[in-house]
$ cat run_11.cif   # mmCIF, N, CA and C atoms, pLDDT in the B column; chains and numbers go by the auth columns
data_upload
loop_
_atom_site.group_PDB
_atom_site.id
_atom_site.type_symbol
_atom_site.label_atom_id
_atom_site.label_comp_id
_atom_site.label_asym_id
_atom_site.label_seq_id
_atom_site.Cartn_x
_atom_site.Cartn_y
_atom_site.Cartn_z
_atom_site.B_iso_or_equiv
_atom_site.auth_seq_id
_atom_site.auth_asym_id
ATOM 1 N N MET A 1 105.009 23.477 54.867 59.00 1062 A
ATOM 2 C CA MET A 1 105.913 23.432 55.998 59.00 1062 A
ATOM 3 C C MET A 1 107.247 24.055 55.602 59.00 1062 A
ATOM 4 N N LEU A 2 107.750 24.930 56.463 64.00 1063 A
ATOM 5 C CA LEU A 2 109.023 25.572 56.199 64.00 1063 A
ATOM 6 C C LEU A 2 110.169 24.668 56.601 64.00 1063 A
ATOM 7 N N VAL A 3 111.191 24.653 55.783 69.00 1064 A
ATOM 8 C CA VAL A 3 112.363 23.838 56.033 69.00 1064 A
ATOM 9 C C VAL A 3 113.509 24.764 56.390 69.00 1064 A
ATOM 10 N N LYS A 4 114.288 24.388 57.395 65.00 1065 A
ATOM 11 C CA LYS A 4 115.425 25.207 57.792 65.00 1065 A
ATOM 12 C C LYS A 4 116.463 25.223 56.680 65.00 1065 A
ATOM 13 N N LYS A 5 116.976 26.399 56.386 65.00 1066 A
ATOM 14 C CA LYS A 5 118.027 26.522 55.388 65.00 1066 A
ATOM 15 C C LYS A 5 119.349 26.112 56.005 65.00 1066 A
ATOM 16 N N THR A 6 120.164 25.404 55.240 68.00 1067 A
ATOM 17 C CA THR A 6 121.478 25.019 55.734 68.00 1067 A
ATOM 18 C C THR A 6 122.493 26.037 55.255 68.00 1067 A
ATOM 19 N N SER A 7 123.344 26.449 56.160 70.00 1068 A
ATOM 20 C CA SER A 7 124.400 27.392 55.802 70.00 1068 A
ATOM 21 C C SER A 7 125.466 27.344 56.880 70.00 1068 A
ATOM 22 N N LYS A 8 126.631 27.773 56.515 73.00 1069 A
ATOM 23 C CA LYS A 8 127.719 27.842 57.474 73.00 1069 A
ATOM 24 C C LYS A 8 128.262 29.266 57.468 73.00 1069 A
ATOM 25 N N THR A 9 128.671 29.717 58.634 73.00 1070 A
ATOM 26 C CA THR A 9 129.291 31.030 58.709 73.00 1070 A
ATOM 27 C C THR A 9 130.735 30.912 58.265 73.00 1070 A
ATOM 28 N N SER A 10 131.232 31.965 57.652 74.00 1071 A
ATOM 29 C CA SER A 10 132.619 31.942 57.196 74.00 1071 A
ATOM 30 C C SER A 10 133.545 32.151 58.383 74.00 1071 A
ATOM 31 N N GLN A 11 134.788 31.748 58.190 81.00 1072 A
ATOM 32 C CA GLN A 11 135.770 31.914 59.242 81.00 1072 A
ATOM 33 C C GLN A 11 136.034 33.407 59.435 81.00 1072 A
ATOM 34 N N GLY A 12 136.026 33.820 60.658 85.00 1073 A
ATOM 35 C CA GLY A 12 136.255 35.228 60.950 85.00 1073 A
ATOM 36 C C GLY A 12 136.763 35.385 62.367 85.00 1073 A
ATOM 37 N N ASN A 13 136.667 36.590 62.859 87.00 1074 A
ATOM 38 C CA ASN A 13 137.125 36.911 64.193 87.00 1074 A
ATOM 39 C C ASN A 13 136.146 36.333 65.215 87.00 1074 A
ATOM 40 N N LYS A 14 136.585 35.344 65.977 90.00 1075 A
ATOM 41 C CA LYS A 14 135.705 34.678 66.932 90.00 1075 A
ATOM 42 C C LYS A 14 135.309 35.617 68.067 90.00 1075 A
ATOM 43 N N ALA A 15 136.223 36.487 68.472 93.00 1076 A
ATOM 44 C CA ALA A 15 135.920 37.417 69.557 93.00 1076 A
ATOM 45 C C ALA A 15 134.848 38.418 69.118 93.00 1076 A
ATOM 46 N N LEU A 16 134.929 38.878 67.877 91.00 1077 A
ATOM 47 C CA LEU A 16 133.929 39.815 67.360 91.00 1077 A
ATOM 48 C C LEU A 16 132.567 39.141 67.250 91.00 1077 A
ATOM 49 N N LYS A 17 132.551 37.903 66.784 91.00 1078 A
ATOM 50 C CA LYS A 17 131.305 37.159 66.671 91.00 1078 A
ATOM 51 C C LYS A 17 130.673 36.951 68.045 91.00 1078 A
ATOM 52 N N THR A 18 131.480 36.574 69.017 92.00 1079 A
ATOM 53 C CA THR A 18 130.983 36.362 70.375 92.00 1079 A
ATOM 54 C C THR A 18 130.431 37.648 70.959 92.00 1079 A
ATOM 55 N N MET A 19 131.143 38.740 70.757 94.00 1080 A
ATOM 56 C CA MET A 19 130.704 40.034 71.275 94.00 1080 A
ATOM 57 C C MET A 19 129.404 40.478 70.620 94.00 1080 A
ATOM 58 N N ALA A 20 129.285 40.267 69.325 92.00 1081 A
ATOM 59 C CA ALA A 20 128.072 40.675 68.611 92.00 1081 A
ATOM 60 C C ALA A 20 126.867 39.860 69.065 92.00 1081 A
ATOM 61 N N VAL A 21 127.046 38.563 69.265 92.00 1082 A
ATOM 62 C CA VAL A 21 125.948 37.718 69.736 92.00 1082 A
ATOM 63 C C VAL A 21 125.556 38.098 71.159 92.00 1082 A
ATOM 64 N N GLU A 22 126.520 38.414 72.006 94.00 1083 A
ATOM 65 C CA GLU A 22 126.212 38.854 73.366 94.00 1083 A
ATOM 66 C C GLU A 22 125.419 40.163 73.354 94.00 1083 A
ATOM 67 N N CYS A 23 125.770 41.063 72.461 92.00 1084 A
ATOM 68 C CA CYS A 23 125.022 42.321 72.346 92.00 1084 A
ATOM 69 C C CYS A 23 123.597 42.073 71.873 92.00 1084 A
ATOM 70 N N VAL A 24 123.428 41.145 70.968 93.00 1085 A
ATOM 71 C CA VAL A 24 122.085 40.793 70.486 93.00 1085 A
ATOM 72 C C VAL A 24 121.259 40.205 71.621 93.00 1085 A
ATOM 73 N N LEU A 25 121.865 39.331 72.417 91.00 1086 A
ATOM 74 C CA LEU A 25 121.139 38.737 73.536 91.00 1086 A
ATOM 75 C C LEU A 25 120.790 39.781 74.590 91.00 1086 A
ATOM 76 N N ALA A 26 121.615 40.814 74.709 93.00 1087 A
ATOM 77 C CA ALA A 26 121.317 41.880 75.663 93.00 1087 A
ATOM 78 C C ALA A 26 120.113 42.709 75.225 93.00 1087 A
ATOM 79 N N THR A 27 119.834 42.748 73.928 89.00 1088 A
ATOM 80 C CA THR A 27 118.699 43.526 73.437 89.00 1088 A
ATOM 81 C C THR A 27 117.414 42.709 73.392 89.00 1088 A
ATOM 82 N N SER A 28 117.461 41.449 73.804 83.00 1089 A
ATOM 83 C CA SER A 28 116.316 40.565 73.606 83.00 1089 A
ATOM 84 C C SER A 28 115.074 41.008 74.371 83.00 1089 A
ATOM 85 N N ARG A 29 115.213 41.674 75.482 86.00 1090 A
ATOM 86 C CA ARG A 29 114.043 42.111 76.251 86.00 1090 A
ATOM 87 C C ARG A 29 113.616 43.531 75.911 86.00 1090 A
ATOM 88 N N GLN A 30 114.329 44.167 75.029 86.00 1091 A
ATOM 89 C CA GLN A 30 113.982 45.524 74.639 86.00 1091 A
ATOM 90 C C GLN A 30 113.010 45.498 73.468 86.00 1091 A
ATOM 91 N N ASN A 31 112.377 46.613 73.236 86.00 1092 A
ATOM 92 C CA ASN A 31 111.428 46.729 72.133 86.00 1092 A
ATOM 93 C C ASN A 31 112.090 47.550 71.027 86.00 1092 A
ATOM 94 N N ASN A 32 112.975 46.904 70.260 87.00 1093 A
ATOM 95 C CA ASN A 32 113.683 47.611 69.195 87.00 1093 A
ATOM 96 C C ASN A 32 113.793 46.727 67.954 87.00 1093 A
ATOM 97 N N ARG A 33 114.407 47.258 66.935 88.00 1094 A
ATOM 98 C CA ARG A 33 114.497 46.573 65.639 88.00 1094 A
ATOM 99 C C ARG A 33 115.300 45.279 65.710 88.00 1094 A
ATOM 100 N N ILE A 34 116.384 45.280 66.454 90.00 1095 A
ATOM 101 C CA ILE A 34 117.253 44.107 66.520 90.00 1095 A
ATOM 102 C C ILE A 34 116.547 42.959 67.235 90.00 1095 A
ATOM 103 N N ALA A 35 115.853 43.248 68.323 90.00 1096 A
ATOM 104 C CA ALA A 35 115.137 42.209 69.061 90.00 1096 A
ATOM 105 C C ALA A 35 114.003 41.618 68.224 90.00 1096 A
ATOM 106 N N SER A 36 113.277 42.477 67.517 90.00 1097 A
ATOM 107 C CA SER A 36 112.187 41.960 66.696 90.00 1097 A
ATOM 108 C C SER A 36 112.721 41.162 65.509 90.00 1097 A
ATOM 109 N N HIS A 37 113.874 41.556 64.973 89.00 1098 A
ATOM 110 C CA HIS A 37 114.514 40.806 63.893 89.00 1098 A
ATOM 111 C C HIS A 37 114.886 39.411 64.379 89.00 1098 A
ATOM 112 N N ARG A 38 115.490 39.320 65.575 92.00 1099 A
ATOM 113 C CA ARG A 38 115.887 38.027 66.120 92.00 1099 A
ATOM 114 C C ARG A 38 114.681 37.132 66.356 92.00 1099 A
ATOM 115 N N LYS A 39 113.608 37.689 66.898 91.00 1100 A
ATOM 116 C CA LYS A 39 112.403 36.890 67.149 91.00 1100 A
ATOM 117 C C LYS A 39 111.799 36.375 65.852 91.00 1100 A
ATOM 118 N N ARG A 40 111.799 37.217 64.822 90.00 1101 A
ATOM 119 C CA ARG A 40 111.217 36.824 63.541 90.00 1101 A
ATOM 120 C C ARG A 40 112.023 35.708 62.877 90.00 1101 A
ATOM 121 N N ILE A 41 113.347 35.826 62.893 91.00 1102 A
ATOM 122 C CA ILE A 41 114.209 34.805 62.284 91.00 1102 A
ATOM 123 C C ILE A 41 114.162 33.513 63.107 91.00 1102 A
ATOM 124 N N THR A 42 114.162 33.644 64.425 91.00 1103 A
ATOM 125 C CA THR A 42 114.143 32.477 65.302 91.00 1103 A
ATOM 126 C C THR A 42 112.887 31.648 65.087 91.00 1103 A
ATOM 127 N N LYS A 43 111.777 32.316 64.875 92.00 1104 A
ATOM 128 C CA LYS A 43 110.520 31.619 64.644 92.00 1104 A
ATOM 129 C C LYS A 43 110.606 30.722 63.411 92.00 1104 A
ATOM 130 N N ARG A 44 111.287 31.208 62.370 89.00 1105 A
ATOM 131 C CA ARG A 44 111.365 30.460 61.117 89.00 1105 A
ATOM 132 C C ARG A 44 112.517 29.464 61.081 89.00 1105 A
ATOM 133 N N GLN A 45 113.693 29.883 61.567 89.00 1106 A
ATOM 134 C CA GLN A 45 114.894 29.099 61.289 89.00 1106 A
ATOM 135 C C GLN A 45 115.626 28.556 62.504 89.00 1106 A
ATOM 136 N N GLY A 46 115.206 28.905 63.693 90.00 1107 A
ATOM 137 C CA GLY A 46 115.846 28.346 64.879 90.00 1107 A
ATOM 138 C C GLY A 46 116.633 29.369 65.672 90.00 1107 A
ATOM 139 N N LYS A 47 117.004 28.946 66.873 92.00 1108 A
ATOM 140 C CA LYS A 47 117.629 29.836 67.844 92.00 1108 A
ATOM 141 C C LYS A 47 118.989 30.370 67.393 92.00 1108 A
ATOM 142 N N MET A 48 119.863 29.477 66.945 91.00 1109 A
ATOM 143 C CA MET A 48 121.217 29.902 66.598 91.00 1109 A
ATOM 144 C C MET A 48 121.247 30.772 65.349 91.00 1109 A
ATOM 145 N N LYS A 49 120.443 30.435 64.350 91.00 1110 A
ATOM 146 C CA LYS A 49 120.423 31.253 63.142 91.00 1110 A
ATOM 147 C C LYS A 49 119.847 32.629 63.422 91.00 1110 A
ATOM 148 N N GLY A 50 118.890 32.692 64.335 92.00 1111 A
ATOM 149 C CA GLY A 50 118.338 33.988 64.727 92.00 1111 A
ATOM 150 C C GLY A 50 119.376 34.862 65.396 92.00 1111 A
ATOM 151 N N ARG A 51 120.184 34.251 66.241 92.00 1112 A
ATOM 152 C CA ARG A 51 121.243 35.007 66.921 92.00 1112 A
ATOM 153 C C ARG A 51 122.293 35.515 65.933 92.00 1112 A
ATOM 154 N N ILE A 52 122.739 34.639 65.048 92.00 1113 A
ATOM 155 C CA ILE A 52 123.790 35.016 64.097 92.00 1113 A
ATOM 156 C C ILE A 52 123.265 36.055 63.104 92.00 1113 A
ATOM 157 N N ALA A 53 122.030 35.889 62.639 92.00 1114 A
ATOM 158 C CA ALA A 53 121.463 36.851 61.693 92.00 1114 A
ATOM 159 C C ALA A 53 121.309 38.222 62.338 92.00 1114 A
ATOM 160 N N SER A 54 120.906 38.245 63.593 93.00 1115 A
ATOM 161 C CA SER A 54 120.760 39.528 64.280 93.00 1115 A
ATOM 162 C C SER A 54 122.118 40.147 64.599 93.00 1115 A
ATOM 163 N N ALA A 55 123.107 39.309 64.881 94.00 1116 A
ATOM 164 C CA ALA A 55 124.466 39.823 65.087 94.00 1116 A
ATOM 165 C C ALA A 55 124.977 40.445 63.786 94.00 1116 A
ATOM 166 N N HIS A 56 124.643 39.827 62.659 93.00 1117 A
ATOM 167 C CA HIS A 56 125.026 40.383 61.364 93.00 1117 A
ATOM 168 C C HIS A 56 124.351 41.729 61.137 93.00 1117 A
ATOM 169 N N LEU A 57 123.073 41.839 61.498 92.00 1118 A
ATOM 170 C CA LEU A 57 122.366 43.112 61.386 92.00 1118 A
ATOM 171 C C LEU A 57 123.022 44.168 62.260 92.00 1118 A
ATOM 172 N N LEU A 58 123.383 43.795 63.483 92.00 1119 A
ATOM 173 C CA LEU A 58 124.026 44.726 64.406 92.00 1119 A
ATOM 174 C C LEU A 58 125.362 45.222 63.862 92.00 1119 A
ATOM 175 N N LEU A 59 126.162 44.312 63.301 93.00 1120 A
ATOM 176 C CA LEU A 59 127.459 44.699 62.739 93.00 1120 A
ATOM 177 C C LEU A 59 127.290 45.557 61.489 93.00 1120 A
ATOM 178 N N THR A 60 126.244 45.289 60.703 93.00 1121 A
ATOM 179 C CA THR A 60 125.961 46.110 59.526 93.00 1121 A
ATOM 180 C C THR A 60 125.591 47.529 59.938 93.00 1121 A
ATOM 181 N N ILE A 61 124.787 47.643 60.982 91.00 1122 A
ATOM 182 C CA ILE A 61 124.413 48.968 61.493 91.00 1122 A
ATOM 183 C C ILE A 61 125.652 49.707 61.989 91.00 1122 A
ATOM 184 N N ALA A 62 126.512 49.004 62.751 93.00 1123 A
ATOM 185 C CA ALA A 62 127.732 49.633 63.276 93.00 1123 A
ATOM 186 C C ALA A 62 128.656 50.074 62.138 93.00 1123 A
ATOM 187 N N TYR A 63 128.777 49.247 61.104 95.00 1124 A
ATOM 188 C CA TYR A 63 129.620 49.600 59.966 95.00 1124 A
ATOM 189 C C TYR A 63 129.105 50.862 59.278 95.00 1124 A
ATOM 190 N N ASN A 64 127.792 50.933 59.072 94.00 1125 A
ATOM 191 C CA ASN A 64 127.231 52.101 58.400 94.00 1125 A
ATOM 192 C C ASN A 64 127.347 53.370 59.247 94.00 1125 A
ATOM 193 N N ILE A 65 127.285 53.229 60.560 94.00 1126 A
ATOM 194 C CA ILE A 65 127.495 54.380 61.437 94.00 1126 A
ATOM 195 C C ILE A 65 128.927 54.888 61.285 94.00 1126 A
ATOM 196 N N LEU A 66 129.890 53.970 61.291 95.00 1127 A
ATOM 197 C CA LEU A 66 131.297 54.364 61.148 95.00 1127 A
ATOM 198 C C LEU A 66 131.589 54.907 59.760 95.00 1127 A
ATOM 199 N N LYS A 67 130.953 54.361 58.748 96.00 1128 A
ATOM 200 C CA LYS A 67 131.193 54.775 57.366 96.00 1128 A
ATOM 201 C C LYS A 67 130.646 56.170 57.082 96.00 1128 A
ATOM 202 N N THR A 68 129.412 56.422 57.526 94.00 1129 A
ATOM 203 C CA THR A 68 128.776 57.705 57.212 94.00 1129 A
ATOM 204 C C THR A 68 129.021 58.766 58.260 94.00 1129 A
ATOM 205 N N GLY A 69 129.261 58.354 59.502 93.00 1130 A
ATOM 206 C CA GLY A 69 129.461 59.322 60.564 93.00 1130 A
ATOM 207 C C GLY A 69 128.167 59.894 61.119 93.00 1130 A
ATOM 208 N N GLU A 70 127.036 59.394 60.647 92.00 1131 A
ATOM 209 C CA GLU A 70 125.747 59.870 61.134 92.00 1131 A
ATOM 210 C C GLU A 70 125.338 59.091 62.377 92.00 1131 A
ATOM 211 N N PRO A 71 124.629 59.717 63.306 90.00 1132 A
ATOM 212 C CA PRO A 71 124.170 58.983 64.490 90.00 1132 A
ATOM 213 C C PRO A 71 123.075 57.986 64.122 90.00 1132 A
ATOM 214 N N TYR A 72 122.937 56.964 64.944 86.00 1133 A
ATOM 215 C CA TYR A 72 121.951 55.910 64.693 86.00 1133 A
ATOM 216 C C TYR A 72 120.576 56.375 65.146 86.00 1133 A
ATOM 217 N N HIS A 73 119.585 56.172 64.299 84.00 1134 A
ATOM 218 C CA HIS A 73 118.206 56.478 64.643 84.00 1134 A
ATOM 219 C C HIS A 73 117.430 55.160 64.644 84.00 1134 A
ATOM 220 N N GLU A 74 116.865 54.815 65.800 83.00 1135 A
ATOM 221 C CA GLU A 74 116.104 53.565 65.930 83.00 1135 A
ATOM 222 C C GLU A 74 114.867 53.631 65.047 83.00 1135 A
ATOM 223 N N LEU A 75 114.676 52.603 64.227 81.00 1136 A
ATOM 224 C CA LEU A 75 113.537 52.560 63.321 81.00 1136 A
ATOM 225 C C LEU A 75 112.299 51.996 63.988 81.00 1136 A
ATOM 226 N N GLY A 76 112.467 51.294 65.099 78.00 1137 A
ATOM 227 C CA GLY A 76 111.333 50.748 65.825 78.00 1137 A
ATOM 228 C C GLY A 76 111.124 49.281 65.520 78.00 1137 A
ATOM 229 N N SER A 77 110.410 48.614 66.415 76.00 1138 A
ATOM 230 C CA SER A 77 110.213 47.179 66.268 76.00 1138 A
ATOM 231 C C SER A 77 109.225 46.840 65.158 76.00 1138 A
ATOM 232 N N ASN A 78 108.370 47.779 64.800 80.00 1139 A
ATOM 233 C CA ASN A 78 107.380 47.523 63.746 80.00 1139 A
ATOM 234 C C ASN A 78 107.797 48.146 62.415 80.00 1139 A
ATOM 235 N N TYR A 79 109.078 48.270 62.194 77.00 1140 A
ATOM 236 C CA TYR A 79 109.613 48.900 60.990 77.00 1140 A
ATOM 237 C C TYR A 79 109.180 48.159 59.725 77.00 1140 A
ATOM 238 N N LEU A 80 109.293 46.842 59.725 76.00 1141 A
ATOM 239 C CA LEU A 80 108.949 46.083 58.518 76.00 1141 A
ATOM 240 C C LEU A 80 107.456 46.133 58.224 76.00 1141 A
ATOM 241 N N GLU A 81 106.624 46.100 59.259 79.00 1142 A
ATOM 242 C CA GLU A 81 105.180 46.178 59.037 79.00 1142 A
ATOM 243 C C GLU A 81 104.795 47.527 58.426 79.00 1142 A
ATOM 244 N N GLU A 82 105.398 48.598 58.934 81.00 1143 A
ATOM 245 C CA GLU A 82 105.134 49.932 58.393 81.00 1143 A
ATOM 246 C C GLU A 82 105.611 50.041 56.945 81.00 1143 A
ATOM 247 N N LYS A 83 106.759 49.432 56.669 79.00 1144 A
ATOM 248 C CA LYS A 83 107.298 49.465 55.313 79.00 1144 A
ATOM 249 C C LYS A 83 106.380 48.727 54.339 79.00 1144 A
ATOM 250 N N GLU A 84 105.831 47.590 54.788 80.00 1145 A
ATOM 251 C CA GLU A 84 104.895 46.829 53.942 80.00 1145 A
ATOM 252 C C GLU A 84 103.608 47.597 53.695 80.00 1145 A
ATOM 253 N N LYS A 85 103.113 48.308 54.706 83.00 1146 A
ATOM 254 C CA LYS A 85 101.876 49.081 54.550 83.00 1146 A
ATOM 255 C C LYS A 85 102.052 50.194 53.524 83.00 1146 A
ATOM 256 N N THR A 86 103.189 50.886 53.580 84.00 1147 A
ATOM 257 C CA THR A 86 103.419 51.973 52.629 84.00 1147 A
ATOM 258 C C THR A 86 103.714 51.440 51.228 84.00 1147 A
ATOM 259 N N LYS A 87 104.220 50.218 51.150 79.00 1148 A
ATOM 260 C CA LYS A 87 104.541 49.612 49.864 79.00 1148 A
ATOM 261 C C LYS A 87 103.259 49.265 49.086 79.00 1148 A
ATOM 262 N N ASN A 88 102.253 48.790 49.802 71.00 1149 A
ATOM 263 C CA ASN A 88 101.002 48.369 49.142 71.00 1149 A
ATOM 264 C C ASN A 88 100.087 49.497 48.872 71.00 1149 A
#

$ encode --input "run_11.cif" --output "C-alpha coordinates"
Amino acid sequence: MLVKKTSKTSQGNKALKTMAVECVLATSRQNNRIASHRKRITKRQGKMKGRIASAHLLLTIAYNILKTGEPYHELGSNYLEEKEKTKN
(Lines of atoms letter the chains of each structure in order from A and count residues from 1; the text may use other names and numbers.)
(Lines give C-alpha, C1' and ligand atoms only; values in the text may rest on other atoms or scores of the structure.)
Protein backbone atom coordinates (compact mmCIF):
# COMPACT_ATOMS: atom_id res chain seq x y z
CA MET A 1 0.00 0.00 0.00
CA LEU A 2 1.31 3.42 -0.95
CA VAL A 3 1.52 6.03 1.75
CA LYS A 4 1.12 9.72 1.01
CA LYS A 5 4.35 11.65 1.41
CA THR A 6 4.22 14.59 3.78
CA SER A 7 5.69 17.84 2.60
CA LYS A 8 5.08 21.53 2.79
CA THR A 9 5.52 24.11 0.09
CA SER A 10 7.95 26.89 0.82
CA GLN A 11 6.78 30.44 1.27
CA GLY A 12 6.61 32.19 -2.05
CA ASN A 13 4.52 34.42 -4.24
CA LYS A 14 0.90 33.47 -3.53
CA ALA A 15 -0.37 35.14 -6.69
CA LEU A 16 2.08 33.17 -8.84
CA LYS A 17 1.12 29.92 -7.12
CA THR A 18 -2.58 30.62 -7.62
CA MET A 19 -2.06 31.50 -11.27
CA ALA A 20 0.01 28.38 -11.91
CA VAL A 21 -2.58 26.10 -10.30
CA GLU A 22 -5.36 27.77 -12.31
CA CYS A 23 -3.38 27.15 -15.51
CA VAL A 24 -2.93 23.51 -14.55
CA LEU A 25 -6.66 23.14 -13.93
CA ALA A 26 -7.34 24.71 -17.32
CA THR A 27 -5.28 21.97 -19.00
CA SER A 28 -7.07 19.15 -17.18
CA ARG A 29 -9.36 18.26 -20.10
CA GLN A 30 -6.62 18.48 -22.70
CA ASN A 31 -4.47 15.61 -23.87
CA ASN A 32 -1.00 16.95 -23.04
CA ARG A 33 1.98 16.32 -20.78
CA ILE A 34 0.85 18.57 -17.93
CA ALA A 35 -2.62 16.99 -17.68
CA SER A 36 -1.23 13.47 -17.72
CA HIS A 37 1.36 14.45 -15.09
CA ARG A 38 -1.40 15.78 -12.81
CA LYS A 39 -3.51 12.64 -13.25
CA ARG A 40 -0.55 10.38 -12.50
CA ILE A 41 0.46 12.26 -9.33
CA THR A 42 -3.15 12.63 -8.17
CA LYS A 43 -3.67 8.89 -8.40
CA ARG A 44 -0.75 8.27 -6.03
CA GLN A 45 -0.66 11.25 -3.70
CA GLY A 46 -3.97 13.10 -3.78
CA LYS A 47 -5.68 16.03 -5.42
CA MET A 48 -3.76 18.95 -3.92
CA LYS A 49 -0.31 17.43 -4.36
CA GLY A 50 -1.15 16.65 -7.97
CA ARG A 51 -2.10 20.25 -8.58
CA ILE A 52 0.99 21.69 -6.91
CA ALA A 53 3.35 19.21 -8.60
CA SER A 54 1.88 20.01 -12.00
CA ALA A 55 2.07 23.74 -11.28
CA HIS A 56 5.76 23.20 -10.49
CA LEU A 57 6.20 21.39 -13.82
CA LEU A 58 4.45 24.26 -15.62
CA LEU A 59 6.69 26.87 -13.97
CA THR A 60 9.79 24.80 -14.76
CA ILE A 61 8.77 24.66 -18.42
CA ALA A 62 8.14 28.44 -18.46
CA TYR A 63 11.51 29.11 -16.81
CA ASN A 64 13.35 26.99 -19.37
CA ILE A 65 11.54 28.73 -22.24
CA LEU A 66 12.62 32.13 -20.88
CA LYS A 67 16.16 30.92 -20.16
CA THR A 68 16.88 29.33 -23.53
CA GLY A 69 14.63 31.40 -25.75
CA GLU A 70 13.52 28.30 -27.64
CA PRO A 71 9.82 27.72 -28.37
CA TYR A 72 7.99 25.03 -26.40
CA HIS A 73 7.44 21.70 -28.13
CA GLU A 74 4.72 19.51 -26.60
CA LEU A 75 6.13 16.09 -25.77
CA GLY A 76 2.71 14.44 -25.62
CA SER A 77 0.71 12.73 -22.92
CA ASN A 78 2.50 9.40 -23.41
CA TYR A 79 5.98 10.89 -23.08
CA LEU A 80 6.99 8.84 -20.04
CA GLU A 81 5.74 5.56 -21.52
CA GLU A 82 7.74 6.18 -24.71
CA LYS A 83 10.80 7.08 -22.66
CA GLU A 84 10.51 3.82 -20.68
CA LYS A 85 10.16 1.76 -23.87
CA THR A 86 13.33 3.24 -25.38
CA LYS A 87 15.16 2.84 -22.07
CA ASN A 88 14.57 -0.93 -21.91

$ atom_distance --input "run_11.cif" --atom1 "CA of Gln1106 (chain A)" --atom2 "CA of Leu1141 (chain A)"
18.2 Å

$ atom_distance --input "run_11.cif" --atom1 "CA of His1098 (chain A)" --atom2 "CA of Gly1073 (chain A)"
22.6 Å

$ resolve_selection --input "run_11.cif" --expression "the PyMOL selection byres ((chain A and resi 1095) around 8)" --output "list in words"
Val1085, Thr1088, Ser1089, Gln1091, Asn1092, Asn1093, Arg1094, Ala1096, Ser1097, His1098, Arg1099, Lys1100, Arg1101, Ser1115, Ala1116, Leu1118, Leu1119, Leu1136, Gly1137 and Ser1138 of chain A

$ atom_distance --input "run_11.cif" --atom1 "atom C of Cys1084 (chain A)" --atom2 "atom C of Ala1114 (chain A)"
10.5 Å

$ axis_aligned_box --input "run_11.cif" --around "region 1089-1099 of chain A" --padding-each-side "8 Å" --output "lines of an AutoDock Vina configuration file"
center_x = 114.4
center_y = 42.4
center_z = 70.1
size_x = 22.0
size_y = 26.5
size_z = 28.4
